>>> print(open('start12.pdb').read())   # PDB, C-alpha atoms
ATOM      1  CA  MET S   1      93.903 150.402 170.807
ATOM      2  CA  HIS S   2      92.605 153.055 168.441
ATOM      3  CA  ARG S   3      94.211 156.434 167.884
ATOM      4  CA  CYS S   4      92.408 159.695 167.179
ATOM      5  CA  SER S   5      93.941 162.576 165.214
ATOM      6  CA  CYS S   6      91.035 164.947 165.918
ATOM      7  CA  LEU S   7      91.980 166.301 169.351
ATOM      8  CA  GLY S   8      91.778 169.919 168.214
ATOM      9  CA  LEU S   9      88.227 169.435 167.060
ATOM     10  CA  LEU S  10      87.356 167.717 170.315
ATOM     11  CA  ALA S  11      88.560 170.758 172.229
ATOM     12  CA  LEU S  12      86.153 172.961 170.289
ATOM     13  CA  ALA S  13      83.308 170.510 170.807
ATOM     14  CA  TYR S  14      83.909 170.156 174.527
ATOM     15  CA  GLY S  15      82.434 173.467 175.644
ATOM     16  CA  ALA S  16      79.458 173.206 173.323
ATOM     17  CA  SER S  17      78.450 169.821 174.716
ATOM     18  CA  LEU S  18      78.625 170.533 178.442
ATOM     19  CA  GLY S  19      75.019 171.649 178.824
ATOM     20  CA  ILE S  20      73.378 168.932 176.739
ATOM     21  CA  ALA S  21      71.005 166.546 178.490
ATOM     22  CA  HIS S  22      69.931 163.197 177.081
ATOM     23  CA  SER S  23      69.324 162.633 173.386
ATOM     24  CA  TYR S  24      67.674 160.816 170.484
ATOM     25  CA  VAL S  25      68.221 160.278 166.751
ATOM     26  CA  SER S  26      66.568 163.220 165.013
ATOM     27  CA  ASN S  27      67.198 161.988 161.454
ATOM     28  CA  ILE S  28      69.425 160.015 159.151
ATOM     29  CA  ASN S  29      71.138 161.414 156.084
ATOM     30  CA  VAL S  30      71.794 159.216 153.030
ATOM     31  CA  ASP S  31      73.293 160.692 149.855
ATOM     32  CA  ARG S  32      72.481 164.187 151.178
ATOM     33  CA  LEU S  33      68.798 163.310 151.652
ATOM     34  CA  MET S  34      67.250 163.481 155.119
ATOM     35  CA  TYR S  35      64.799 161.021 156.685
ATOM     36  CA  ASP S  36      63.089 161.944 159.942
ATOM     37  CA  GLY S  37      63.533 159.962 163.105
ATOM     38  CA  PHE S  38      61.122 160.132 166.030
ATOM     39  CA  HIS S  39      61.202 163.449 167.918
ATOM     40  CA  PRO S  40      60.134 163.043 171.579
ATOM     41  CA  PRO S  41      59.570 166.813 172.074
ATOM     42  CA  THR S  42      57.150 166.856 169.096
ATOM     43  CA  PRO S  43      55.859 163.277 168.753
ATOM     44  CA  ASP S  44      53.260 164.147 166.108
ATOM     45  CA  LEU S  45      55.653 166.134 163.931
ATOM     46  CA  ASN S  46      55.855 163.605 161.100
ATOM     47  CA  PRO S  47      53.501 160.605 161.067
ATOM     48  CA  LEU S  48      55.532 159.143 158.189
ATOM     49  CA  ALA S  49      58.888 159.335 159.950
ATOM     50  CA  ILE S  50      61.052 156.209 159.659
ATOM     51  CA  GLY S  51      62.094 156.368 163.329
ATOM     52  CA  TRP S  52      60.182 154.201 165.786
ATOM     53  CA  TYR S  53      57.933 155.950 168.291
ATOM     54  CA  THR S  54      59.140 155.757 171.912
ATOM     55  CA  ALA S  55      57.686 156.788 175.262
ATOM     56  CA  ALA S  56      61.077 158.197 176.317
ATOM     57  CA  PHE S  57      59.823 161.792 176.315
ATOM     58  CA  ASP S  58      62.570 162.626 178.793
ATOM     59  CA  GLN S  59      65.044 161.651 176.027
ATOM     60  CA  GLY S  60      66.400 159.223 178.583
ATOM     61  CA  TYR S  61      67.796 155.732 178.695
ATOM     62  CA  VAL S  62      67.315 152.076 179.548
ATOM     63  CA  ASN S  63      69.435 150.717 182.403
ATOM     64  CA  GLN S  64      70.215 147.135 183.422
ATOM     65  CA  THR S  65      66.718 146.592 184.816
ATOM     66  CA  GLY S  66      65.401 146.755 181.245
ATOM     67  CA  PHE S  67      68.005 144.556 179.550
ATOM     68  CA  THR S  68      65.793 141.470 179.552
ATOM     69  CA  THR S  69      62.567 143.331 178.720
ATOM     70  CA  GLU S  70      61.198 144.803 175.508
ATOM     71  CA  GLU S  71      62.472 148.228 176.632
ATOM     72  CA  ILE S  72      65.959 147.418 175.359
ATOM     73  CA  ILE S  73      64.757 146.458 171.878
ATOM     74  CA  CYS S  74      63.895 149.901 170.489
ATOM     75  CA  HIS S  75      63.599 151.936 173.721
ATOM     76  CA  ARG S  76      60.865 152.387 176.300
ATOM     77  CA  GLY S  77      57.314 152.016 175.009
ATOM     78  CA  SER S  78      58.481 151.741 171.412
ATOM     79  CA  ARG S  79      56.106 151.239 168.495
ATOM     80  CA  ASN S  80      56.727 150.636 164.804
ATOM     81  CA  ALA S  81      57.404 153.563 162.525
ATOM     82  CA  ASN S  82      54.778 154.028 159.810
ATOM     83  CA  ALA S  83      57.169 154.252 156.862
ATOM     84  CA  HIS S  84      60.636 153.271 155.682
ATOM     85  CA  ALA S  85      63.513 154.608 153.607
ATOM     86  CA  LEU S  86      65.008 152.859 150.589
ATOM     87  CA  ILE S  87      68.731 152.219 151.095
ATOM     88  CA  GLN S  88      71.267 150.594 148.787
ATOM     89  CA  ALA S  89      73.517 147.902 150.209
ATOM     90  CA  GLY S  90      76.902 149.569 150.623
ATOM     91  CA  ASP S  91      75.384 152.981 151.409
ATOM     92  CA  ARG S  92      76.800 155.031 154.241
ATOM     93  CA  ILE S  93      74.172 156.336 156.620
ATOM     94  CA  HIS S  94      74.818 159.464 158.684
ATOM     95  CA  VAL S  95      72.934 159.018 161.944
ATOM     96  CA  GLN S  96      72.202 162.434 163.425
ATOM     97  CA  TRP S  97      71.769 162.653 167.190
ATOM     98  CA  ASN S  98      70.165 165.663 168.830
ATOM     99  CA  GLY S  99      73.391 166.540 170.630
ATOM    100  CA  TRP S 100      75.404 164.411 173.036
ATOM    101  CA  PRO S 101      76.962 165.330 176.426
ATOM    102  CA  ILE S 102      80.717 164.796 176.494
ATOM    103  CA  SER S 103      80.509 163.356 180.012
ATOM    104  CA  HIS S 104      78.403 160.437 178.715
ATOM    105  CA  LYS S 105      81.336 158.414 177.418
ATOM    106  CA  GLY S 106      80.943 154.964 175.929
ATOM    107  CA  PRO S 107      80.613 152.761 172.839
ATOM    108  CA  VAL S 108      78.481 153.287 169.728
ATOM    109  CA  MET S 109      76.949 150.237 168.028
ATOM    110  CA  ASP S 110      74.733 149.469 165.033
ATOM    111  CA  TYR S 111      72.553 146.441 164.304
ATOM    112  CA  LEU S 112      70.202 145.188 161.613
ATOM    113  CA  ALA S 113      67.219 142.839 161.978
ATOM    114  CA  SER S 114      65.254 141.371 159.096
ATOM    115  CA  CYS S 115      61.493 141.861 159.320
ATOM    116  CA  GLY S 116      60.834 138.696 157.306
ATOM    117  CA  GLU S 117      60.618 137.657 153.677
ATOM    118  CA  ASN S 118      58.925 140.538 151.840
ATOM    119  CA  GLN S 119      57.493 141.731 155.168
ATOM    120  CA  PRO S 120      57.676 145.498 155.751
ATOM    121  CA  CYS S 121      58.783 146.551 159.212
ATOM    122  CA  GLU S 122      55.736 148.751 159.794
ATOM    123  CA  LYS S 123      53.853 145.734 161.182
ATOM    124  CA  VAL S 124      56.573 143.485 162.589
ATOM    125  CA  ASP S 125      56.438 142.373 166.229
ATOM    126  CA  LYS S 126      59.560 143.835 167.837
ATOM    127  CA  ASN S 127      59.813 140.823 170.135
ATOM    128  CA  ASP S 128      60.446 138.636 167.082
ATOM    129  CA  LEU S 129      63.289 140.729 165.666
ATOM    130  CA  ARG S 130      66.713 139.080 165.652
ATOM    131  CA  PHE S 131      69.517 141.612 165.518
ATOM    132  CA  PHE S 132      72.996 141.140 164.081
ATOM    133  CA  LYS S 133      75.717 143.695 164.724
ATOM    134  CA  ILE S 134      77.234 145.504 161.719
ATOM    135  CA  SER S 135      79.344 148.152 163.457
ATOM    136  CA  GLU S 136      80.874 148.957 166.835
ATOM    137  CA  LEU S 137      83.490 151.245 168.319
ATOM    138  CA  GLY S 138      84.344 151.688 171.985
ATOM    139  CA  LEU S 139      87.419 152.766 173.914
ATOM    140  CA  LEU S 140      89.998 154.689 171.865
ATOM    141  CA  ASP S 141      92.536 155.658 174.528
ATOM    142  CA  GLY S 142      91.929 155.049 178.213
ATOM    143  CA  ALA S 143      94.851 157.235 179.241
ATOM    144  CA  ASN S 144      93.730 160.337 177.346
ATOM    145  CA  THR S 145      92.102 162.736 179.806
ATOM    146  CA  THR S 146      92.453 165.887 177.710
ATOM    147  CA  PHE S 147      88.687 166.152 177.485
ATOM    148  CA  GLY S 148      87.799 165.131 180.971
ATOM    149  CA  PRO S 149      88.328 161.985 183.014
ATOM    150  CA  GLY S 150      87.346 158.609 181.659
ATOM    151  CA  GLY S 151      89.507 158.437 178.555
ATOM    152  CA  LEU S 152      88.723 158.924 174.875
ATOM    153  CA  TRP S 153      85.703 157.000 173.503
ATOM    154  CA  ALA S 154      83.613 156.555 170.365
ATOM    155  CA  THR S 155      81.143 159.077 171.768
ATOM    156  CA  ASP S 156      83.865 161.740 171.635
ATOM    157  CA  LEU S 157      84.240 161.154 167.901
ATOM    158  CA  LEU S 158      80.482 161.357 167.516
ATOM    159  CA  ILE S 159      80.478 164.772 169.184
ATOM    160  CA  VAL S 160      83.271 166.014 166.926
ATOM    161  CA  ASN S 161      81.327 164.799 163.903
ATOM    162  CA  ASN S 162      78.472 167.231 164.541
ATOM    163  CA  ASN S 163      76.862 164.761 166.980
ATOM    164  CA  SER S 164      76.474 162.284 164.134
ATOM    165  CA  TRP S 165      77.667 158.764 163.420
ATOM    166  CA  ILE S 166      78.341 156.879 160.219
ATOM    167  CA  VAL S 167      77.342 153.290 159.596
ATOM    168  CA  GLU S 168      77.835 151.422 156.340
ATOM    169  CA  ILE S 169      75.274 148.858 155.246
ATOM    170  CA  PRO S 170      77.398 145.801 154.362
ATOM    171  CA  PRO S 171      77.296 145.255 150.574
ATOM    172  CA  GLN S 172      76.752 141.506 151.028
ATOM    173  CA  ILE S 173      73.452 141.888 152.944
ATOM    174  CA  LYS S 174      70.435 140.309 151.251
ATOM    175  CA  PRO S 175      67.807 142.783 149.967
ATOM    176  CA  GLY S 176      64.720 143.178 152.090
ATOM    177  CA  PHE S 177      63.035 145.053 154.910
ATOM    178  CA  TYR S 178      65.137 145.695 158.020
ATOM    179  CA  VAL S 179      65.109 147.559 161.294
ATOM    180  CA  LEU S 180      68.312 149.543 161.760
ATOM    181  CA  ARG S 181      69.051 149.690 165.480
ATOM    182  CA  THR S 182      71.669 152.252 166.484
ATOM    183  CA  GLU S 183      72.723 152.619 170.099
ATOM    184  CA  ILE S 184      74.979 154.483 172.481
ATOM    185  CA  ILE S 185      75.854 153.161 175.928
ATOM    186  CA  ALA S 186      76.824 155.880 178.403
ATOM    187  CA  LEU S 187      79.180 154.558 181.083
ATOM    188  CA  HIS S 188      79.758 157.610 183.276
ATOM    189  CA  ASN S 189      77.642 156.065 186.075
ATOM    190  CA  ALA S 190      78.450 152.427 185.342
ATOM    191  CA  SER S 191      80.213 151.975 188.676
ATOM    192  CA  ASN S 192      76.744 152.045 190.272
ATOM    193  CA  ALA S 193      74.616 148.901 190.509
ATOM    194  CA  ILE S 194      72.264 149.900 187.660
ATOM    195  CA  GLY S 195      74.291 152.797 186.274
ATOM    196  CA  SER S 196      74.663 151.784 182.619
ATOM    197  CA  GLN S 197      72.622 154.055 180.337
ATOM    198  CA  ASN S 198      71.610 152.519 176.995
ATOM    199  CA  TYR S 199      70.052 154.668 174.270
ATOM    200  CA  PRO S 200      68.621 152.316 171.622
ATOM    201  CA  GLN S 201      67.009 153.905 168.551
ATOM    202  CA  CYS S 202      65.263 152.038 165.721
ATOM    203  CA  LEU S 203      64.564 153.066 162.142
ATOM    204  CA  ASN S 204      62.838 151.270 159.263
ATOM    205  CA  ILE S 205      64.765 150.739 156.042
ATOM    206  CA  ARG S 206      64.439 148.651 152.905
ATOM    207  CA  ILE S 207      67.780 147.461 151.550
ATOM    208  CA  ALA S 208      68.180 147.078 147.795
ATOM    209  CA  GLY S 209      71.077 145.317 146.107
ATOM    210  CA  SER S 210      72.386 141.954 144.980
ATOM    211  CA  GLY S 211      73.663 140.573 148.277
ATOM    212  CA  THR S 212      72.864 137.065 149.416
ATOM    213  CA  VAL S 213      73.828 137.108 153.094
ATOM    214  CA  LEU S 214      71.285 137.137 155.915
ATOM    215  CA  PRO S 215      73.155 136.571 159.180
ATOM    216  CA  SER S 216      71.465 134.869 162.093
ATOM    217  CA  GLY S 217      70.659 137.278 164.872
ATOM    218  CA  THR S 218      69.858 137.621 168.557
ATOM    219  CA  LEU S 219      66.532 138.559 170.092
ATOM    220  CA  GLY S 220      66.598 142.082 171.485
ATOM    221  CA  ARG S 221      65.948 140.913 175.035
ATOM    222  CA  GLU S 222      68.980 138.628 174.801
ATOM    223  CA  LEU S 223      71.505 141.128 173.439
ATOM    224  CA  TYR S 224      72.947 142.054 176.827
ATOM    225  CA  ASP S 225      73.558 140.377 180.162
ATOM    226  CA  PRO S 226      72.664 142.755 183.013
ATOM    227  CA  ASP S 227      75.599 141.347 185.003
ATOM    228  CA  GLU S 228      78.312 141.501 182.347
ATOM    229  CA  PRO S 229      81.446 143.430 183.402
ATOM    230  CA  SER S 230      81.232 145.770 180.393
ATOM    231  CA  VAL S 231      78.301 147.595 182.001
ATOM    232  CA  HIS S 232      79.660 147.399 185.547
ATOM    233  CA  LEU S 233      82.926 149.325 185.676
ATOM    234  CA  ASP S 234      84.517 152.558 186.774
ATOM    235  CA  ILE S 235      85.865 154.363 183.725
ATOM    236  CA  TYR S 236      87.490 156.965 186.008
ATOM    237  CA  ASN S 237      89.896 154.712 187.906
ATOM    238  CA  GLY S 238      92.715 155.501 185.470
ATOM    239  CA  THR S 239      93.621 151.895 184.695
ATOM    240  CA  LEU S 240      91.263 151.120 181.806
ATOM    241  CA  SER S 241      93.298 150.123 178.764
ATOM    242  CA  THR S 242      90.912 147.719 177.042
ATOM    243  CA  TYR S 243      87.163 147.392 176.878
ATOM    244  CA  ARG S 244      84.944 144.610 175.552
ATOM    245  CA  ILE S 245      81.930 146.136 173.823
ATOM    246  CA  PRO S 246      78.695 144.513 175.044
ATOM    247  CA  GLY S 247      76.494 142.389 172.826
ATOM    248  CA  PRO S 248      77.224 139.895 170.055
ATOM    249  CA  THR S 249      80.295 140.168 167.861
ATOM    250  CA  VAL S 250      80.193 141.998 164.534
ATOM    251  CA  VAL S 251      79.032 139.775 161.670
ATOM    252  CA  SER S 252      81.514 137.975 159.442
ATOM    253  CA  GLY S 253      82.843 140.074 156.582
ATOM    254  CA  VAL S 254      82.834 143.316 158.574
ATOM    255  CA  LYS S 255      85.999 144.323 160.414
ATOM    256  CA  ALA S 256      85.216 145.139 164.024
ATOM    257  CA  GLY S 257      86.489 148.369 165.512
ATOM    258  CA  THR S 258      86.498 150.313 162.247
ATOM    259  CA  ILE S 259      84.105 152.938 160.940
ATOM    260  CA  PRO S 260      83.987 154.879 157.652
ATOM    261  CA  PRO S 261      85.799 158.249 157.626
ATOM    262  CA  LEU S 262      83.768 160.698 159.664
ATOM    263  CA  SER S 263      81.936 163.490 157.861
ATOM    264  CA  HIS S 264      78.649 165.319 158.232
ATOM    265  CA  PRO S 265      77.422 166.664 154.880
ATOM    266  CA  LEU S 266      74.381 168.869 155.167
ATOM    267  CA  PRO S 267      71.274 167.348 153.588
ATOM    268  CA  THR S 268      69.913 169.111 150.520
ATOM    269  CA  GLY S 269      66.307 168.047 151.083
ATOM    270  CA  PRO S 270      63.982 165.336 152.372
ATOM    271  CA  GLY S 271      64.245 161.766 151.137
ATOM    272  CA  ALA S 272      61.291 159.834 149.761
ATOM    273  CA  THR S 273      59.608 157.443 152.169
ATOM    274  CA  TYR S 274      57.600 154.321 151.419
ATOM    275  CA  VAL S 275      54.835 152.342 153.096
ATOM    276  CA  GLY S 276      54.382 148.586 152.892
ATOM    277  CA  THR S 277      55.592 146.899 149.722
ATOM    278  CA  ALA S 278      54.746 149.913 147.533
ATOM    279  CA  THR S 279      57.411 150.940 145.033
ATOM    280  CA  THR S 280      56.041 154.475 144.725
ATOM    281  CA  PRO S 281      57.078 156.932 147.456
ATOM    282  CA  VAL S 282      54.382 158.199 149.788
ATOM    283  CA  ASN S 283      54.912 161.836 148.870
ATOM    284  CA  ALA S 284      54.709 161.062 145.153
ATOM    285  CA  GLN S 285      51.497 159.104 145.714
ATOM    286  CA  ALA S 286      49.968 162.028 147.573
ATOM    287  CA  THR S 287      50.973 164.464 144.856
ATOM    288  CA  ARG S 288      49.567 162.211 142.145
ATOM    289  CA  THR S 289      46.264 161.834 144.027
ATOM    290  CA  ALA S 290      45.967 165.589 144.442
ATOM    291  CA  ILE S 291      46.543 166.120 140.731
ATOM    292  CA  GLN S 292      44.104 163.423 139.641
ATOM    293  CA  THR S 293      41.369 164.479 142.085
ATOM    294  CA  PRO S 294      40.352 168.114 141.384
ATOM    295  CA  SER S 295      39.117 170.126 144.325
ATOM    296  CA  PRO S 296      35.298 170.452 144.386
ATOM    297  CA  PHE S 297      35.804 174.191 144.847
ATOM    298  CA  ILE S 298      37.585 174.543 141.506
ATOM    299  CA  ARG S 299      35.263 175.269 138.572
TER
END
>>> encode(input="start12.pdb", output="structure tokens")
Amino acid sequence: MHRCSCLGLLALAYGASLGIAHSYVSNINVDRLMYDGFHPPTPDLNPLAIGWYTAAFDQGYVNQTGFTTEEIICHRGSRNANAHALIQAGDRIHVQWNGWPISHKGPVMDYLASCGENQPCEKVDKNDLRFFKISELGLLDGANTTFGPGGLWATDLLIVNNNSWIVEIPPQIKPGFYVLRTEIIALHNASNAIGSQNYPQCLNIRIAGSGTVLPSGTLGRELYDPDEPSVHLDIYNGTLSTYRIPGPTVVSGVKAGTIPPLSHPLPTGPGATYVGTATTPVNAQATRTAIQTPSPFIR
């Protein structure tokens, strides 16, 4: 059982979250630099965003009917992002969600999948990705109904933390190109036959460092069993004291059920993004091209 010392903050967050509908990852923040995710309301906002495109324009979810299909991999109708961010092994990534309703209680999980030896994720086939779990947090206190029925969950901490989550890239992970898959499972309707609501979000990153570990993973369509008890339960029956988080176990060397201290520093500016195996950021390349190629209207 986990304990939370942030109940006062949760009380403040409760009212603000009541009117929020579904959600998506709007950006990630690394070392105070922001990298765009995919924005369903404005899908053409940033063609060089690191977040994978999805057809979930309703900002909705995948239920059990999609667990064995490609929908569960990176969401409905997902397509590769066109760029990636450079991340150091050991970095802490702040994953910013576009709000989260407090009624949608459940676990928060994070995965990585290698895109292949020196193979950028912009072209990888999502059906070939094998994900290994690097972080998870679920039920904190099933008896705590201060903030509504259903107990206290990881999603409540996410709301308190400015609707953001923190995941640390394990320092031992081998350098290379990876898809970071972050996901929330909302369990408020899980007592219904297909009531589980999964919100998978994928982002392209390139991990730098000196690690040597590349864990084996699980194909996205095999991460979850549509019939497993963890997505078929009534969180409101008042007797829930433990909860087994769905999916594979967290990889060796990472302690399950722990997350870095929560914080949400405001980004100071955009982070540089890269395409393919290039070592020069896209924005720097564009600037250099503009400088080296004078406008024909300048005399």
>>> residues_around(input="start12.pdb", residues="Phe131 of chain S", least_positions_apart="6", cutoff="12 Å", atoms="all atoms listed in the file", output="ChimeraX atom specification")
/S:72-74,109-115,178-182,202,214-224,247-251
>>> closest_atom_pairs(input="start12.pdb", of="segment 104-186 of chain S", to="segment 190-196 of chain S", cutoff="10 Å", atoms="all atoms listed in the file", output="CSV")
residue,atom,partner,partner_atom,distance
S:Gly106,CA,S:Ser196,CA,9.7
S:Ile185,CA,S:Ser196,CA,6.9
S:Ala186,CA,S:Ser196,CA,6.3
>>> axis_aligned_box(input="start12.pdb", around="segment 186-190 of chain S", padding_each_side="5 Å", output="AutoDock Vina command-line options")
--center_x 78.3 --center_y 155.0 --center_z 182.2 --size_x 12.9 --size_y 15.2 --size_z 17.7
>>> closest_residue(input="start12.pdb", among="S:Ala89, S:Leu158, S:Leu129, S:Ile207", to="Pro101 of chain S", atoms="only C-alpha atoms")
S:Leu158
>>> resolve_selection(input="start12.pdb", expression="the PyMOL selection byres ((chain S and resi 232-245) around 8)", output="list in words")
Met1, Pro107, Glu136, Leu137, Gly138, Leu139, Asp141, Gly142, Ala143, Pro149, Gly150, Gly151, Leu187, His188, Asn189, Ala190, Ser191, Asn192, Ala193, Gly195, Ser196, Asp227, Glu228, Pro229, Ser230, Val231, Pro246 and Gly247 of chain S
>>> resolve_selection(input="start12.pdb", expression="the PyMOL selection byres ((chain S and resi 32-47) around 9)", output="ChimeraX atom specification")
/S:24-31,48-59,81-85,201-203,265-273
>>> resolve_selection(input="start12.pdb", expression="the PyMOL selection byres ((chain S and resi 206) around 6)", output="PDB file with C-alpha atoms, keeping the file's coordinate frame")
ATOM      1  CA  LEU S  86      65.008 152.859 150.589  1.00  0.00           C
ATOM      2  CA  ILE S  87      68.731 152.219 151.095  1.00  0.00           C
ATOM      3  CA  GLY S 176      64.720 143.178 152.090  1.00  0.00           C
ATOM      4  CA  PHE S 177      63.035 145.053 154.910  1.00  0.00           C
ATOM      5  CA  TYR S 178      65.137 145.695 158.020  1.00  0.00           C
ATOM      6  CA  ILE S 205      64.765 150.739 156.042  1.00  0.00           C
ATOM      7  CA  ILE S 207      67.780 147.461 151.550  1.00  0.00           C
TER       8      ILE S 207
END
>>> atom_distance(input="start12.pdb", atom1="atom CA of His75 of chain S", atom2="atom CA of Glu122 of chain S")
16.3 Å
